[in-house]
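Trainee: The file below is work_11.txt, compact mmCIF, C-alpha atoms:
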```txt
# COMPACT_ATOMS: atom_id res chain seq x y z
CA MET A 269 -21.20 -9.29 23.30
CA GLY A 270 -19.54 -10.61 26.45
CA THR A 271 -16.02 -11.96 26.70
CA GLN A 272 -15.06 -14.06 23.70
CA ASN A 273 -12.06 -15.83 22.23
CA TRP A 274 -10.97 -14.11 19.03
CA ILE A 275 -8.51 -15.55 16.52
CA ILE A 276 -6.94 -13.12 14.08
CA VAL A 277 -5.27 -14.52 10.95
CA GLY A 278 -2.64 -12.13 9.61
CA GLY A 279 -0.38 -9.80 11.55
CA GLY A 280 -0.27 -6.78 9.26
CA ALA A 281 -1.66 -3.36 10.15
CA THR A 282 -5.26 -4.61 9.98
CA GLY A 283 -4.70 -7.76 12.02
CA ALA A 284 -2.64 -6.00 14.68
CA ALA A 285 -5.28 -3.27 15.02
CA ILE A 286 -8.08 -5.83 15.43
CA ALA A 287 -6.02 -7.68 18.04
CA LEU A 288 -5.42 -4.48 19.98
CA GLN A 289 -9.04 -3.33 19.79
CA GLY A 290 -10.35 -6.78 20.73
CA SER A 291 -8.02 -6.94 23.73
CA ARG A 292 -9.18 -3.53 24.89
CA ARG A 293 -12.77 -4.75 24.76
CA GLY A 294 -11.91 -7.56 27.14
CA HIS A 295 -11.74 -10.44 24.65
CA HIS A 296 -9.01 -13.06 24.68
CA VAL A 297 -7.11 -12.60 21.44
CA THR A 298 -4.80 -14.95 19.55
CA LEU A 299 -3.02 -13.49 16.54
CA VAL A 300 -1.25 -15.81 14.09
CA ASP A 301 0.98 -14.88 11.18
CA ARG A 302 3.04 -17.03 8.81
CA ALA A 303 5.98 -14.61 8.76
CA PRO A 304 8.66 -14.73 11.47
CA THR A 305 7.76 -11.16 12.47
CA ALA A 306 4.50 -9.24 12.31
CA GLY A 307 3.93 -6.33 9.96
CA GLY A 308 2.77 -7.74 6.63
CA LEU A 309 3.24 -5.07 3.96
CA THR A 310 4.38 -2.76 6.78
CA SER A 311 7.17 -5.09 7.94
CA THR A 312 10.80 -4.06 8.10
CA GLU A 313 14.22 -5.42 7.24
CA THR A 314 17.68 -4.80 8.66
CA PHE A 315 20.69 -3.39 6.81
CA THR A 316 24.26 -2.86 7.94
CA VAL A 317 26.10 -0.08 6.10
CA ASN A 318 29.46 1.42 7.09
CA GLY A 319 29.30 -0.44 10.38
CA GLU A 320 25.87 0.94 11.28
CA THR A 321 22.83 -1.35 11.62
CA PHE A 322 19.35 0.04 11.03
CA ASP A 323 15.83 -0.99 10.02
CA VAL A 324 13.91 0.24 6.99
CA ASP A 325 10.48 -0.59 5.59
CA ARG A 326 10.46 -3.48 3.11
CA PHE A 327 7.88 -1.48 1.13
CA TYR A 328 7.97 2.31 1.36
CA HIS A 329 5.49 4.10 3.62
CA VAL A 330 4.81 7.71 4.56
CA ILE A 331 2.45 9.36 7.02
CA LEU A 332 0.35 12.34 5.95
CA GLU A 333 -0.70 15.17 8.22
CA GLY A 334 -4.32 14.22 7.61
CA ASP A 335 -3.82 10.60 8.78
CA GLU A 336 -5.74 11.15 12.00
CA ARG A 337 -6.01 7.47 12.98
CA VAL A 338 -2.33 6.76 12.45
CA LEU A 339 -1.33 9.84 14.43
CA ALA A 340 -3.72 8.93 17.26
CA LEU A 341 -2.32 5.39 17.42
CA LEU A 342 1.28 6.62 17.48
CA ASP A 343 0.38 9.13 20.17
CA GLU A 344 -1.18 6.38 22.28
CA LEU A 345 1.91 4.23 21.86
CA GLY A 346 4.24 7.09 22.78
CA LEU A 347 5.76 7.19 19.27
CA LYS A 348 4.16 10.27 17.73
CA ASP A 349 7.12 12.51 18.55
CA THR A 350 9.48 10.20 16.65
CA ILE A 351 7.90 11.13 13.30
CA ARG A 352 10.19 13.16 11.06
CA TRP A 353 8.16 15.65 9.01
CA THR A 354 9.56 16.95 5.72
CA SER A 355 8.40 18.68 2.56
CA ALA A 356 10.09 17.10 -0.44
CA PRO A 357 10.10 17.93 -4.15
CA ALA A 358 8.91 15.75 -7.02
CA GLU A 359 9.98 15.48 -10.63
CA ILE A 360 8.80 14.18 -13.96
CA VAL A 361 11.49 12.61 -16.14
CA ALA A 362 10.82 12.37 -19.88
CA GLY A 363 13.39 11.60 -22.54
CA GLN A 364 16.11 11.84 -19.85
CA LYS A 365 15.07 15.43 -19.17
CA ARG A 366 13.89 16.44 -15.71
CA TYR A 367 11.03 18.79 -14.90
CA PRO A 368 9.81 19.99 -11.46
CA ALA A 369 6.49 18.45 -10.49
CA THR A 370 6.05 19.23 -6.80
CA SER A 371 2.80 21.16 -7.18
CA ILE A 372 -0.24 20.89 -9.39
CA VAL A 373 0.77 24.22 -10.97
CA GLN A 374 4.23 22.92 -11.86
CA MET A 375 2.81 19.72 -13.28
CA ALA A 376 0.17 21.52 -15.29
CA THR A 377 2.73 23.93 -16.79
CA LEU A 378 5.27 21.34 -17.91
CA PRO A 379 7.12 22.63 -20.99
CA MET A 380 6.31 19.50 -23.00
CA LEU A 381 2.60 20.33 -22.67
CA LYS A 382 0.85 22.48 -25.19
CA THR A 383 -1.27 25.38 -23.95
CA VAL A 384 -4.43 23.54 -24.91
CA ASP A 385 -3.18 20.45 -23.03
CA ARG A 386 -2.77 22.46 -19.84
CA ALA A 387 -6.30 23.74 -20.10
CA ARG A 388 -7.66 20.26 -20.79
CA ILE A 389 -5.81 18.81 -17.79
CA GLY A 390 -7.60 21.27 -15.55
CA ALA A 391 -10.87 20.45 -17.28
CA SER A 392 -10.30 16.72 -16.75
CA VAL A 393 -9.81 17.26 -13.02
CA ALA A 394 -12.91 19.44 -12.78
CA ALA A 395 -14.96 16.92 -14.73
CA SER A 396 -13.74 14.09 -12.50
CA LEU A 397 -14.79 15.95 -9.35
CA THR A 398 -18.37 16.17 -10.59
CA LEU A 399 -18.60 12.70 -12.18
CA PRO A 400 -21.12 10.49 -10.31
CA MET A 401 -19.54 7.26 -9.05
CA LYS A 402 -22.18 5.21 -10.86
CA LEU A 403 -20.97 6.62 -14.16
CA ALA A 404 -17.31 6.40 -13.15
CA ASN A 405 -17.80 2.68 -12.56
CA ARG A 406 -18.70 2.19 -16.23
CA THR A 407 -15.35 3.15 -17.76
CA THR A 408 -11.63 2.99 -17.01
CA SER A 409 -9.51 5.79 -15.60
CA ALA A 410 -7.36 5.76 -18.73
CA LYS A 411 -10.33 6.08 -21.10
CA TRP A 412 -11.95 8.77 -18.98
CA LEU A 413 -8.81 10.90 -18.72
CA ARG A 414 -8.01 10.46 -22.41
CA SER A 415 -11.53 11.58 -23.37
CA THR A 416 -11.43 14.63 -21.10
CA ALA A 417 -7.77 15.67 -21.46
CA GLY A 418 -6.88 14.50 -24.96
CA ALA A 419 -4.25 12.11 -26.29
CA SER A 420 -1.14 14.31 -25.95
CA ALA A 421 -1.89 15.40 -22.37
CA MET A 422 -2.70 11.78 -21.57
CA GLU A 423 0.68 10.50 -22.73
CA ALA A 424 2.77 13.34 -21.28
CA PHE A 425 0.90 13.89 -18.02
CA TRP A 426 -1.69 11.35 -16.89
CA THR A 427 -0.01 8.13 -18.09
CA PRO A 428 3.09 8.45 -15.86
CA ILE A 429 0.92 9.37 -12.88
CA LEU A 430 -1.33 6.34 -13.39
CA ARG A 431 1.74 4.15 -13.90
CA ALA A 432 3.25 5.43 -10.64
CA LYS A 433 0.13 4.28 -8.79
CA LEU A 434 -0.97 1.21 -10.74
CA GLY A 435 1.99 -0.11 -12.71
CA THR A 436 1.30 -2.41 -15.65
CA GLN A 437 -2.40 -2.65 -14.79
CA ALA A 438 -3.17 1.05 -15.08
CA ASP A 439 -5.38 0.51 -18.14
CA GLN A 440 -7.77 -1.82 -16.24
CA VAL A 441 -8.79 0.38 -13.33
CA SER A 442 -12.19 2.06 -13.34
CA ALA A 443 -12.59 5.82 -13.27
CA THR A 444 -13.75 5.54 -9.65
CA PHE A 445 -10.03 5.47 -8.82
CA VAL A 446 -9.29 8.94 -10.19
CA VAL A 447 -12.59 10.38 -8.97
CA SER A 448 -12.02 9.23 -5.38
CA THR A 449 -8.33 10.29 -5.53
CA PHE A 450 -9.13 13.81 -6.73
CA ARG A 451 -11.85 14.19 -4.12
CA ARG A 452 -9.48 13.13 -1.33
CA LEU A 453 -6.88 15.66 -2.54
CA VAL A 454 -9.40 18.48 -2.67
CA LYS A 455 -10.72 17.57 0.78
CA ALA A 456 -7.20 17.61 2.19
CA MET A 457 -6.61 21.08 0.72
CA LEU A 458 -9.90 22.39 2.08
CA ASP A 459 -9.18 20.88 5.51
CA GLN A 460 -5.74 22.57 5.41
CA LYS A 461 -4.04 19.43 6.69
CA GLY A 462 -0.69 20.41 5.18
CA ASN A 463 1.46 18.80 2.53
CA ARG A 464 4.38 17.41 4.51
CA PHE A 465 5.39 13.76 4.52
CA GLY A 466 6.12 11.98 7.77
CA VAL A 467 8.45 9.00 8.20
CA LEU A 468 9.41 6.88 11.17
CA PRO A 469 13.23 6.89 11.31
CA THR A 470 13.23 3.34 12.67
CA ALA A 471 10.44 2.23 10.28
CA TYR A 472 7.27 0.51 11.55
CA ALA A 473 8.94 -2.21 13.66
CA PRO A 474 8.58 -0.26 16.97
CA VAL A 475 4.90 0.38 16.20
CA PHE A 476 4.10 -3.32 15.84
CA ALA A 477 6.26 -4.19 18.82
CA ALA A 478 4.34 -1.72 20.98
CA MET A 479 0.91 -2.78 19.66
CA LEU A 480 1.50 -6.48 20.20
CA GLN A 481 3.10 -5.90 23.58
CA ARG A 482 -0.14 -4.20 24.64
CA VAL A 483 -2.08 -7.20 23.34
CA GLU A 484 0.01 -9.58 25.43
CA GLU A 485 -0.22 -7.34 28.50
CA LEU A 486 -4.01 -7.55 28.16
CA GLY A 487 -3.87 -11.35 28.13
CA GLY A 488 -3.62 -11.98 24.40
CA GLU A 489 -1.24 -14.25 22.54
CA VAL A 490 0.86 -13.55 19.45
CA ARG A 491 2.17 -16.43 17.34
CA THR A 492 4.50 -15.57 14.48
CA GLY A 493 5.89 -18.23 12.17
CA ALA A 494 2.47 -19.87 12.38
CA GLY A 495 0.51 -19.74 9.14
CA ALA A 496 -3.16 -20.71 8.98
CA SER A 497 -4.26 -23.25 6.37
CA ARG A 498 -7.97 -23.81 7.17
CA VAL A 499 -10.75 -21.79 8.79
CA GLU A 500 -14.13 -23.38 9.49
CA ALA A 501 -17.22 -23.17 11.69
CA LEU A 502 -17.73 -26.01 14.17
CA PRO A 503 -21.09 -27.87 14.12
CA GLU A 504 -21.51 -27.39 17.86
CA GLY A 505 -20.71 -23.67 17.66
CA GLY A 506 -17.52 -21.65 17.52
CA VAL A 507 -14.76 -21.69 14.94
CA ARG A 508 -11.63 -23.67 14.29
CA VAL A 509 -8.38 -22.53 12.71
CA THR A 510 -5.94 -25.21 11.60
CA LEU A 511 -2.34 -24.09 11.31
CA GLU A 512 0.13 -25.28 8.72
CA ASP A 513 1.99 -27.34 11.32
CA GLY A 514 -1.21 -29.20 12.21
CA ALA A 515 -1.92 -27.30 15.43
CA VAL A 516 -5.56 -26.35 16.02
CA LEU A 517 -7.04 -23.22 17.59
CA GLU A 518 -10.68 -22.88 18.58
CA GLY A 519 -12.59 -19.76 19.48
CA ASP A 520 -15.81 -17.80 19.13
CA ARG A 521 -14.84 -15.61 16.19
CA VAL A 522 -12.08 -15.55 13.61
CA PHE A 523 -10.99 -12.50 11.65
CA VAL A 524 -9.21 -13.30 8.39
CA THR A 525 -7.16 -10.30 7.28
CA THR A 526 -5.30 -11.85 4.36
CA ALA A 527 -5.76 -10.92 0.69
CA GLY A 528 -8.95 -12.12 -0.98
CA PRO A 529 -7.48 -15.03 -2.98
CA ILE A 530 -5.71 -16.35 0.13
CA ALA A 531 -8.83 -16.01 2.26
CA ASP A 532 -10.80 -17.87 -0.42
CA ARG A 533 -8.44 -20.85 -0.24
CA MET A 534 -8.52 -20.85 3.54
CA ILE A 535 -12.17 -20.46 4.54
CA VAL A 536 -14.45 -23.51 4.31
CA GLY A 537 -18.14 -23.10 3.46
CA LEU A 538 -18.30 -19.74 1.70
CA SER A 539 -21.07 -19.33 -0.85
CA ALA A 540 -20.26 -19.12 -4.55
CA ALA A 541 -21.15 -15.42 -4.51
CA GLU A 542 -18.82 -14.74 -1.57
CA ARG A 543 -15.98 -16.55 -3.28
CA ARG A 544 -16.46 -14.40 -6.38
CA GLN A 545 -16.32 -11.30 -4.22
CA LEU A 546 -12.96 -12.48 -2.93
CA VAL A 547 -11.30 -13.40 -6.20
CA ASP A 548 -12.99 -11.65 -9.13
CA ALA A 549 -11.16 -8.31 -8.85
CA PRO A 550 -7.65 -8.34 -10.35
CA TYR A 551 -4.99 -7.75 -7.73
CA LEU A 552 -2.10 -5.33 -7.94
CA GLY A 553 1.21 -6.89 -6.96
CA VAL A 554 4.63 -5.36 -6.52
CA VAL A 555 8.26 -6.34 -6.81
CA CYS A 556 10.15 -3.67 -4.88
CA GLY A 557 13.88 -3.08 -4.72
CA SER A 558 15.40 -1.31 -1.73
CA PHE A 559 18.72 0.27 -2.76
CA LEU A 560 21.21 2.08 -0.58
CA VAL A 561 23.37 4.13 -2.93
CA GLU A 562 26.31 6.45 -2.42
CA THR A 563 24.65 9.23 -4.41
CA PRO A 564 20.92 9.39 -5.28
CA PRO A 565 19.68 10.22 -8.81
CA ASN A 566 18.01 13.43 -7.59
CA ASP A 567 16.74 15.09 -4.42
CA CYS A 568 13.08 14.12 -4.94
CA TYR A 569 10.76 11.88 -2.96
CA ILE A 570 8.67 10.95 -6.02
CA THR A 571 9.95 10.82 -9.59
CA TYR A 572 7.33 10.11 -12.25
CA LEU A 573 8.67 8.38 -15.36
CA VAL A 574 7.05 9.23 -18.69
CA ASP A 575 9.14 6.68 -20.60
CA ASP A 576 8.40 3.04 -19.92
CA VAL A 577 11.64 1.72 -18.42
CA GLN A 578 9.88 -1.11 -16.52
CA LEU A 579 9.93 0.88 -13.30
CA THR A 580 6.69 2.23 -11.88
CA GLY A 581 8.57 5.24 -10.58
CA VAL A 582 11.47 6.20 -8.33
CA ILE A 583 10.81 6.68 -4.61
CA GLY A 584 13.63 8.67 -3.02
CA MET A 585 13.20 7.98 0.67
CA HIS A 586 16.50 9.80 1.20
CA ALA A 587 14.56 13.04 0.61
CA LEU A 588 12.62 12.34 3.81
CA LEU A 589 15.13 10.28 5.77
CA PRO A 590 18.63 11.81 6.06
CA ALA A 591 21.64 9.71 5.19
CA GLU A 592 22.89 9.67 8.78
CA LYS A 593 19.88 7.48 9.59
CA THR A 594 20.90 4.96 6.92
CA GLY A 595 24.60 4.47 7.44
CA GLY A 596 25.61 7.47 5.33
CA ALA A 597 24.00 6.05 2.19
CA SER A 598 20.82 7.23 0.42
CA LEU A 599 17.75 4.98 0.46
CA VAL A 600 15.95 4.65 -2.87
CA TYR A 601 13.04 2.33 -3.66
CA LEU A 602 12.47 1.07 -7.19
CA PRO A 603 8.99 -0.49 -7.45
CA HIS A 604 7.57 -2.50 -10.32
CA TYR A 605 3.79 -2.80 -9.88
CA CYS A 606 2.27 -5.62 -11.89
CA ALA A 607 -0.20 -8.52 -11.84
CA PRO A 608 0.40 -11.42 -9.40
CA ASP A 609 1.22 -13.75 -12.30
CA ASP A 610 3.70 -11.35 -13.93
CA GLU A 611 7.03 -12.85 -14.99
CA TRP A 612 8.83 -10.51 -12.60
CA PHE A 613 7.74 -12.72 -9.70
CA SER A 614 9.63 -15.67 -11.19
CA LEU A 615 12.91 -13.77 -11.60
CA THR A 616 15.79 -14.24 -9.17
CA ASP A 617 16.85 -11.37 -6.94
CA ASP A 618 19.91 -10.77 -9.11
CA GLU A 619 17.80 -10.67 -12.27
CA VAL A 620 15.36 -8.19 -10.71
CA ARG A 621 18.22 -6.07 -9.41
CA GLU A 622 19.81 -5.93 -12.86
CA LYS A 623 16.55 -4.93 -14.59
CA MET A 624 15.78 -2.25 -12.02
CA LEU A 625 19.20 -0.62 -12.15
CA ALA A 626 19.16 -0.75 -15.95
CA GLY A 627 15.78 1.01 -15.94
CA LEU A 628 17.11 3.66 -13.57
CA VAL A 629 20.09 4.37 -15.81
CA GLU A 630 17.88 4.44 -18.91
CA ALA A 631 15.52 6.93 -17.29
CA PHE A 632 18.18 9.39 -16.10
CA GLY A 633 20.81 8.81 -18.77
CA ASP A 634 23.81 10.37 -17.03
CA TYR A 635 23.32 8.64 -13.67
CA GLU A 636 25.47 5.69 -12.64
CA PRO A 637 24.37 4.25 -9.28
CA THR A 638 26.95 2.94 -6.83
CA VAL A 639 25.01 0.42 -4.75
CA VAL A 640 26.19 -0.09 -1.17
CA ALA A 641 23.49 -2.59 -0.19
CA SER A 642 20.17 -3.78 -1.57
CA SER A 643 17.31 -6.23 -1.20
CA ILE A 644 14.38 -7.38 -3.31
CA ASN A 645 10.92 -7.86 -1.79
CA ARG A 646 7.82 -9.28 -3.41
CA ALA A 647 4.11 -8.98 -2.62
CA PRO A 648 1.83 -10.60 -5.22
CA TYR A 649 -1.37 -9.41 -3.54
CA VAL A 650 -1.17 -5.75 -2.50
CA VAL A 651 -4.68 -4.48 -3.20
CA PRO A 652 -7.59 -5.39 -5.51
CA LEU A 653 -8.14 -2.99 -8.35
CA PRO A 654 -11.56 -1.42 -8.95
CA VAL A 655 -12.64 -2.37 -12.46
CA PRO A 656 -15.62 -1.14 -14.50
CA GLY A 657 -18.85 -2.85 -13.50
CA ALA A 658 -17.51 -4.10 -10.18
CA GLY A 659 -20.18 -5.01 -7.65
CA LYS A 660 -20.24 -4.51 -3.91
CA PRO A 661 -17.35 -5.92 -1.86
CA LEU A 662 -17.72 -8.86 0.51
CA PRO A 663 -19.39 -7.89 3.82
CA PHE A 664 -17.18 -8.07 6.91
CA THR A 665 -19.38 -10.84 8.34
CA THR A 666 -19.57 -13.87 6.06
CA SER A 667 -22.27 -16.54 5.81
CA VAL A 668 -19.95 -18.91 7.69
CA ARG A 669 -20.95 -18.53 11.34
CA GLY A 670 -18.31 -16.71 13.39
CA VAL A 671 -16.04 -16.03 10.40
CA HIS A 672 -15.22 -12.45 9.43
CA VAL A 673 -13.10 -11.15 6.57
CA VAL A 674 -11.49 -7.76 7.17
CA GLY A 675 -8.81 -6.79 4.69
CA THR A 676 -8.05 -5.82 1.15
CA ALA A 677 -11.11 -7.77 -0.05
CA GLN A 678 -13.20 -4.79 1.10
CA ASN A 679 -10.86 -2.16 -0.34
CA THR A 680 -12.53 -0.43 -3.29
CA THR A 681 -10.12 2.51 -3.73
CA GLY A 682 -7.21 0.79 -5.50
CA THR A 683 -4.77 2.25 -2.96
CA LEU A 684 -3.51 0.84 0.33
CA ASN A 685 -2.15 2.67 3.36
CA VAL A 686 -2.13 2.29 7.13
CA GLU A 687 -4.72 5.03 7.64
CA GLY A 688 -7.18 3.20 5.40
CA SER A 689 -6.52 -0.08 7.20
CA LEU A 690 -7.26 1.48 10.59
CA GLU A 691 -10.46 3.05 9.22
CA MET A 692 -11.55 -0.35 7.90
CA VAL A 693 -11.00 -1.93 11.32
CA GLU A 694 -13.20 0.76 12.88
CA ASP A 695 -15.94 0.02 10.36
CA ALA A 696 -15.70 -3.74 10.78
CA LEU A 697 -15.80 -3.75 14.56
CA SER A 698 -18.62 -1.20 14.59
CA ALA A 699 -20.59 -3.57 12.36
CA LEU A 700 -20.39 -6.26 15.04
```
Can you turn what I pasted into structure tokens?

Mentor:
Amino acid sequence: MGTQNWIIVGGGATGAAIALQGSRRGHHVTLVDRAPTAGGLTSTETFTVNGETFDVDRFYHVILEGDERVLALLDELGLKDTIRWTSAPAEIVAGQKRYPATSIVQMATLPMLKTVDRARIGASVAASLTLPMKLANRTTSAKWLRSTAGASAMEAFWTPILRAKLGTQADQVSATFVVSTFRRLVKAMLDQKGNRFGVLPTAYAPVFAAMLQRVEELGGEVRTGAGASRVEALPEGGVRVTLEDGAVLEGDRVFVTTAGPIADRMIVGLSAAERRQLVDAPYLGVVCGSFLVETPPNDCYITYLVDDVQLTGVIGMHALLPAEKTGGASLVYLPHYCAPDDEWFSLTDDEVREKMLAGLVEAFGDYEPTVVASSINRAPYVVPLPVPGAGKPLPFTTSVRGVHVVGTAQNTTGTLNVEGSLEMVEDALSAL
């Protein structure tokens, strides 16, 4: 390929990984990101509690023992030993009653389930493991699980699990979501990768700092607070990226790592078919509250909510990250997953905070949170959702010469994590 000038639009996990890999290959890399700091959905924020200042993820993240690419990257950056590994319980809350749900056995033997429901839950999992993807793409996860597990097991068991992953859009997602999820879980069990969760006590900020420092040491450039507004191929060859402040960058290749709808507005000259591939799939968005409380509602990392209290679930990061790391308070995330045009995105921080805390109290009944500090973060475009009849995703190399799209537009799983982003970067750069 020879030495080239690469421009990477977006400084999240995908963009930072492309910048690092490109620099290692000897290319001159320029990474631009609209935000004041890199990280994207993996960015951090700073709290001060009881006189202690610390960073936490704006949106919750964990590392699994099977995340080979993440672990290799952290090892290379000298950060692998900072991971804190913990096994944490889970619960299902229904009608303000709490039931253990840490294992498949516990979940399948919930007292609110009838004996026949328990058997049908197992049958639905077995059926999903053998369902061909072509057939899974013809129906929704909700319809498939209801048909294989029955209505009562669906409402008491599968509905809260789907809501915890997909929020208000759970009914739209194709059955490929549950099929691929079950297969990943079975593979992890067969590979004996373990079931602990790993967290970085200082969140992902040191990871991005180390990655981008390597990029700069290899001759690259990192520009934060510099959003891109236009990406186009030049008639004489090469590409041009126009920034929001009017500055212009030119290079040999550009990698756009933003969400599909944003990439569609930015790239000039895409075909009609390519534009459909970027925007046709409905996106999952999230409004996420980070709450530091004196006492958490329970000791669980994940709490599934059977009753619809407008919360997707309760993520108790305090179960993985001890209170001494967060100023003596307990860190709890309250996510509300929804469509990008959901009314939640138009609410003020105070309005969101009030709705979230009201939902938490409604779910647990006897719990009254004492909030020490909090923040509200929004991400309208987290990941596209696989829907029945969806076609192939956009190729990494577009019809616009020198322009590549590497990001959530190619994500067909309905879930987003750092491991998957690093795998996608491997695939994209191998395709070059």

Trainee: Which residue is closest to Leu480 in chain A? Choose from A:Asn273, A:Ser689, A:Ser291, A:Thr676 and count only C-alpha atoms.

Mentor: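 The shortest atom-to-atom distance to Leu480 in chain A comes from A:Ser291.
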
Trainee: Nearest to Leu697 in chain A: which of A:Thr525, A:Gln289, A:Thr398, A:Thr271 is it, counting all atoms listed in the file?

Mentor: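 Of the candidates, the smallest distance to Leu697 in chain A is held by A:Gln289.
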
Trainee: If you count only C-alpha atoms, which residues fall within 7 Å of range 655-659 of chain A, apart from same-chain ones fewer than 4 positions away, as a count of residues only?

Mentor: 7

Trainee: Kindly give the distance, in Å, that separates CA of Ile360 in chain A and CA of Asp575 in chain A, rounded to a single decimal.

Mentor: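 Atom-to-atom, CA of Ile360 in chain A to CA of Asp575 in chain A, that is 10.0 Å.
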
Trainee: Choose the residue, out of A:Thr683, A:Phe559, A:Ile389, A:Ala494, that has the smallest atom-to-atom separation from Pro603 in chain A; count only C-alpha atoms.

Mentor: A:Phe559

Trainee: Between CA of Gly290 in chain A and CA of Glu485 in chain A, measure the distance and give it in Å to one decimal.

Mentor: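 Atom-to-atom, CA of Gly290 in chain A to CA of Glu485 in chain A, that is 12.8 Å.
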
Trainee: What does the distance between CA of Pro661 in chain A and CA of Ala285 in chain A come to in Å, to one decimal place?

Mentor: 20.9 Å

Trainee: Rank nothing, just name the residue among A:Phe523, A:Ser355, A:Arg293, A:Thr321 nearest to Glu333 in chain A, using only C-alpha atoms.

Mentor: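 Closest to Glu333 in chain A of all the choices is A:Ser355.
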
Trainee: So, counting all atoms listed in the file, which residue among A:Gly670, A:Asn679, A:Ala391, A:Thr526 is closest to Val507 in chain A?

Mentor: A:Gly670

Trainee: Between A:Glu636, A:Asp610, A:Asp617, A:Asp349, single out the one closest to Pro564 in chain A, counting all atoms listed in the file.

Mentor: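 Result for the nearest residue to Pro564 in chain A: A:Glu636.
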
Trainee: Neighbours of Pro357 in chain A within 9 Å (all atoms listed in the file; same-chain residues fewer than 2 positions away dropped), as an mmCIF file with C-alpha atoms, in the frame of the given file?

Mentor:
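Final output, selection.cif:
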```
data_model
loop_
_atom_site.group_PDB
_atom_site.id
_atom_site.type_symbol
_atom_site.label_atom_id
_atom_site.label_comp_id
_atom_site.auth_asym_id
_atom_site.auth_seq_id
_atom_site.Cartn_x
_atom_site.Cartn_y
_atom_site.Cartn_z
ATOM 1 C CA SER A 355 8.400 18.680 2.560
ATOM 2 C CA GLU A 359 9.980 15.480 -10.630
ATOM 3 C CA PRO A 368 9.810 19.990 -11.460
ATOM 4 C CA ALA A 369 6.490 18.450 -10.490
ATOM 5 C CA THR A 370 6.050 19.230 -6.800
ATOM 6 C CA SER A 371 2.800 21.160 -7.180
ATOM 7 C CA ASP A 567 16.740 15.090 -4.420
ATOM 8 C CA CYS A 568 13.080 14.120 -4.940
ATOM 9 C CA TYR A 569 10.760 11.880 -2.960
ATOM 10 C CA ILE A 570 8.670 10.950 -6.020
ATOM 11 C CA THR A 571 9.950 10.820 -9.590
ATOM 12 C CA ALA A 587 14.560 13.040 0.610
#
```

Trainee: Could you pull the residues within 9 Å of Val600 in chain A, counting only C-alpha atoms, minus those fewer than 3 positions along the same chain, as a PyMOL selection string?

Mentor: chain A and resi 557-561+564-565+569+582-586

Trainee: Please produce an output containing C-alpha atoms for each residue in the selection, written as a PDB file, in the frame of the given file.

Mentor:
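Okay, result17.pdb is ready:
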```
ATOM      1  CA  GLY A 557      13.880  -3.080  -4.720  1.00  0.00           C
ATOM      2  CA  SER A 558      15.400  -1.310  -1.730  1.00  0.00           C
ATOM      3  CA  PHE A 559      18.720   0.270  -2.760  1.00  0.00           C
ATOM      4  CA  LEU A 560      21.210   2.080  -0.580  1.00  0.00           C
ATOM      5  CA  VAL A 561      23.370   4.130  -2.930  1.00  0.00           C
ATOM      6  CA  PRO A 564      20.920   9.390  -5.280  1.00  0.00           C
ATOM      7  CA  PRO A 565      19.680  10.220  -8.810  1.00  0.00           C
ATOM      8  CA  TYR A 569      10.760  11.880  -2.960  1.00  0.00           C
ATOM      9  CA  VAL A 582      11.470   6.200  -8.330  1.00  0.00           C
ATOM     10  CA  ILE A 583      10.810   6.680  -4.610  1.00  0.00           C
ATOM     11  CA  GLY A 584      13.630   8.670  -3.020  1.00  0.00           C
ATOM     12  CA  MET A 585      13.200   7.980   0.670  1.00  0.00           C
ATOM     13  CA  HIS A 586      16.500   9.800   1.200  1.00  0.00           C
TER      14      HIS A 586
END
```

Trainee: Would you mind listing what lies within 7 Å of range 338-342 of chain A as a count of residues only, with all atoms listed in the file counted and same-chain residues fewer than 5 positions away left out?

Mentor: 4
